[in-house]
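K.L.:
First, the structure itself, so that you have it in front of you.
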Amino acid sequence: MSERIYNFSAGPAVLPEQVLREAAIDIVNFHNKGIGLIEISHRSKEFMAVAEETETLIRELMGVPAGYKVLFLQGGASSQFFMVPMNLLKKDQVATYLNTGTWSKKAIKEAKLFGQIEVPYSSEEINFTRVPADHEYTVNPASEYLYLVSNNTIFGTQFQTMPNKDAMLVADMSSDILSRSVDVSRFGLIFAGAQKNMGPAGVTVVIIREDLLERVDEAVPTMLKYKTHAKEDSMFNTPPCFAVYCVGRVMHWLKELGGVEAMAKRNQKKAALLYDAIDSSNGFYRGHAEKQSRSLMNVTFTLPSKELEADFIRKAAAQGFDGLKGHRSVGGCRASIYNAFPHEGIEKLVDFMATFAKKHQ
Ligand SMILES: *Cc1c(COP(=O)(O)O)cnc(C)c1O
């Protein structure tokens with residue numbers, strides 16, 4: 001096999017090589033049973049064991065307390081934008097949303113179809129360069145929940161700590177789940193598309209407090225009720241078997257490395273290396289996010305001109321640094337450095353950045 005390049009893609013994103021190799025074997029011959037992983041029944045004892053282990057590991061690694069369900073759903077994180085309010089909110093009820101980027105904007109649009117949505121904070125006028133501190137907004141006490149995107153994948157901002165408000169939190173953690181510890185008991189619901197930090201595309205993990213399952217209006221279609229999936233342990237219909245399996249292998253890998261706390265330390269070191277390179281470049285590289293809102297997962301930065309950015313991305317790609325082009329709504333560059341991204345890849349990128357800056361400064 002040719003050498004693997006450094007994959008800075010925002011999603012689907014880098015996975016541990018060990019997991020890819022395990023999957024390659026299991027797809028053809030799962031546990032030496034003479035049958036491939038993706039051709040066995042989801043109700044076979046082999047696959048049931050995979051699903052169970054995956055859930056157990058997520059619970060263990062995230063410290064999910066009793067009284068919460070872990071669901072494996074489809075439709076991407078984007079389907080949660082409507083499923084959350086559809087299940088948790090009635091037409092005349094209030095929910096509070098923080099507008100910190102493209103993904104929260106899309107969630108707000110969907111939520112407005114179902115209830116009274118209040119948005120006490122938005123950083124849209126400053127192109128989403130920051131997330132708010134607690135004192136910068138208030139939450140209507142009538143709110144059923146406070147919704148946030150914990151890490152803004154496109155703009156490269158992240159809540160350093162979760163909002164400390166007198167409200168049940170609901171969070172889209174698609175791009176930073178399992179990258180640091182969170183106190184799950186403060187959340188009514190957490191969801192994450194797997195394809196950034198936990199596996200391949202195809203499964204969305206939902207962690208929901210059990211008492212919320214009953215809130216849903218009976219008129220909501222069966223497949224769109226969380227309680228349908230909760231009652232059947234995500235086996236109401238065929239789950240995305242391969243994606244669930246891969247998430248399980250990634251959880252295994254994460255546990256072997258020491259779990260979420262150990263991963264958080266690695267992530268801090270990785271991001272610090274890259275932000276130091278930006279900050280010590282005498283303004284050649286400029287971070288998009290304000291310092292106190294900087295994401296440890298998606299590092300966004302610009303160069304002095306569009307031409308230099310294009311040249312930078314092209315030359316980087318030629319040296320095996322893939323996926324550094326920023327999202328079209330921000331421009332510039334973005335290095336996504338999720339859990340599975342290796343430290344050594346950042347060391348090499350930082351060297352490349354220094355050389356490039358010296359040549360063009
Ligand atoms: C990628 C992403 C989404 C969208 O995920 P899909 O699975 O493509 O629907 C939503 N929220 C965040 C924070 C994301 O990074």
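As shown in the structure tokens, the chain order sets the letters A, B, ...; within each chain, residues go from 1, and ligands are also counted from 1 in the order they appear.
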When you look at Gln319 of chain A with a cut-off of 10 Å (counting only C-alpha atoms), what residues show up, excluding the ones that are within fewer than 5 positions of it in the same chain? I need them as a list in words.
P.N.:
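Here the qualifying residues turn out to be Ile5, Tyr6, Ile313, Arg314, Lys348, Leu349 and Phe352 of chain A.
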K.L.:
Once you count only C-alpha atoms and all ligand atoms, which residues end up within 10 Å of ligand 1, and could you hand them over as a PyMOL selection string?
P.N.:
chain A and resi 10-12+74-81+101-104+106-107+148-154+171-177+191-197+201-204+298
K.L.:
Residues near Leu254 of chain A, anyone? I mean within 9 Å using only C-alpha atoms, not counting same-chain ones fewer than 2 positions away, as a PyMOL selection string.
P.N.:
chain A and resi 61+178+249-252+256-260+262-263+339-340
K.L.:
Please extract the residues of segment 126-239 of chain A with a backbone DSSP assignment of helix (DSSP H, G or I) and present them as a ChimeraX atom specification.
P.N.:
/A:126,134-136,184-186,210-215,222-224,226-231
K.L.:
Please provide as a list in words all residues within 12 Å of Arg209 of chain A, with the sequence filter that same-chain residues fewer than 4 positions apart are discarded (counting only C-alpha atoms).
P.N.:
Val64, Pro65, Ala66, Gly67, Tyr68, Lys69, Val70, Leu71, Leu88, Met168, Leu169, Val170, Val184, Ser185, Arg186, Phe187, Gly188, Leu189, Ile190, Phe191, Leu213, Glu214, Arg215, Tyr226, Lys227 and Ala230 of chain A
K.L.:
When you look at Phe30 of chain A with a cut-off of 12 Å (counting only C-alpha atoms), what residues show up, excluding the ones that are within fewer than 5 positions of it in the same chain? I need them as a list of chain:residue names.
P.N.:
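That gives A:Glu22, A:Ala23, A:Ala24, A:Ile25, A:Ile35, A:Gly36, A:Leu37, A:Ile38, A:Glu39, A:Ile40, A:Glu46, A:Phe47, A:Val50, A:Phe242, A:Tyr245.
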K.L.:
Output the selection as a short mmCIF file (atom, residue, chain, number, x, y, z; two decimals), in the first residue's frame - N, CA and C atoms for each residue.
P.N.:
```
data_model
loop_
_atom_site.label_atom_id
_atom_site.label_comp_id
_atom_site.auth_asym_id
_atom_site.auth_seq_id
_atom_site.Cartn_x
_atom_site.Cartn_y
_atom_site.Cartn_z
N GLU A 22 -8.76 -3.04 10.26
CA GLU A 22 -9.69 -4.01 10.86
C GLU A 22 -10.95 -4.14 10.00
N ALA A 23 -11.46 -2.97 9.56
CA ALA A 23 -12.69 -2.97 8.77
C ALA A 23 -12.48 -3.69 7.44
N ALA A 24 -11.30 -3.48 6.84
CA ALA A 24 -11.01 -4.11 5.55
C ALA A 24 -11.07 -5.63 5.67
N ILE A 25 -10.60 -6.15 6.77
CA ILE A 25 -10.63 -7.60 7.00
C ILE A 25 -12.07 -8.05 7.31
N ILE A 35 -18.23 -15.12 6.46
CA ILE A 35 -19.27 -14.22 5.96
C ILE A 35 -18.84 -12.79 6.31
N GLY A 36 -19.16 -11.85 5.40
CA GLY A 36 -18.69 -10.48 5.61
C GLY A 36 -19.60 -9.70 6.56
N LEU A 37 -19.00 -8.74 7.24
CA LEU A 37 -19.72 -7.91 8.20
C LEU A 37 -20.96 -7.24 7.61
N ILE A 38 -20.85 -6.77 6.33
CA ILE A 38 -21.98 -6.02 5.78
C ILE A 38 -22.96 -6.90 5.03
N GLU A 39 -22.84 -8.21 5.19
CA GLU A 39 -23.82 -9.11 4.57
C GLU A 39 -24.50 -10.01 5.61
N ILE A 40 -24.35 -9.65 6.90
CA ILE A 40 -25.05 -10.42 7.92
C ILE A 40 -26.28 -9.65 8.40
N GLU A 46 -24.18 -11.96 16.00
CA GLU A 46 -22.90 -11.30 15.74
C GLU A 46 -23.07 -9.78 15.67
N PHE A 47 -24.06 -9.34 14.88
CA PHE A 47 -24.19 -7.89 14.77
C PHE A 47 -24.78 -7.27 16.03
N VAL A 50 -22.08 -6.43 18.19
CA VAL A 50 -21.34 -5.25 17.73
C VAL A 50 -22.06 -3.97 18.19
N PHE A 242 -22.67 -0.98 8.99
CA PHE A 242 -21.23 -0.78 8.81
C PHE A 242 -20.74 0.43 9.60
N TYR A 245 -20.59 -0.36 13.29
CA TYR A 245 -19.41 -1.19 13.54
C TYR A 245 -18.13 -0.33 13.60
#
```
K.L.:
Could you check which of A:Phe321, A:Tyr147, A:Met86, A:Val247 is closest to Ile108 of chain A, using only C-alpha atoms?
P.N.:
A:Tyr147
K.L.:
Would you pick out the contacts of Gly323 of chain A at 8 Å or less, using only C-alpha atoms, so that residues sharing its chain but fewer than 3 positions from it are not included, and give the list as a list of chain:residue names?
P.N.:
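The contact residues come out as A:Asn7, A:Phe8, A:Ser9, A:Ala10, A:Ala317, A:Arg334, A:Ala335.
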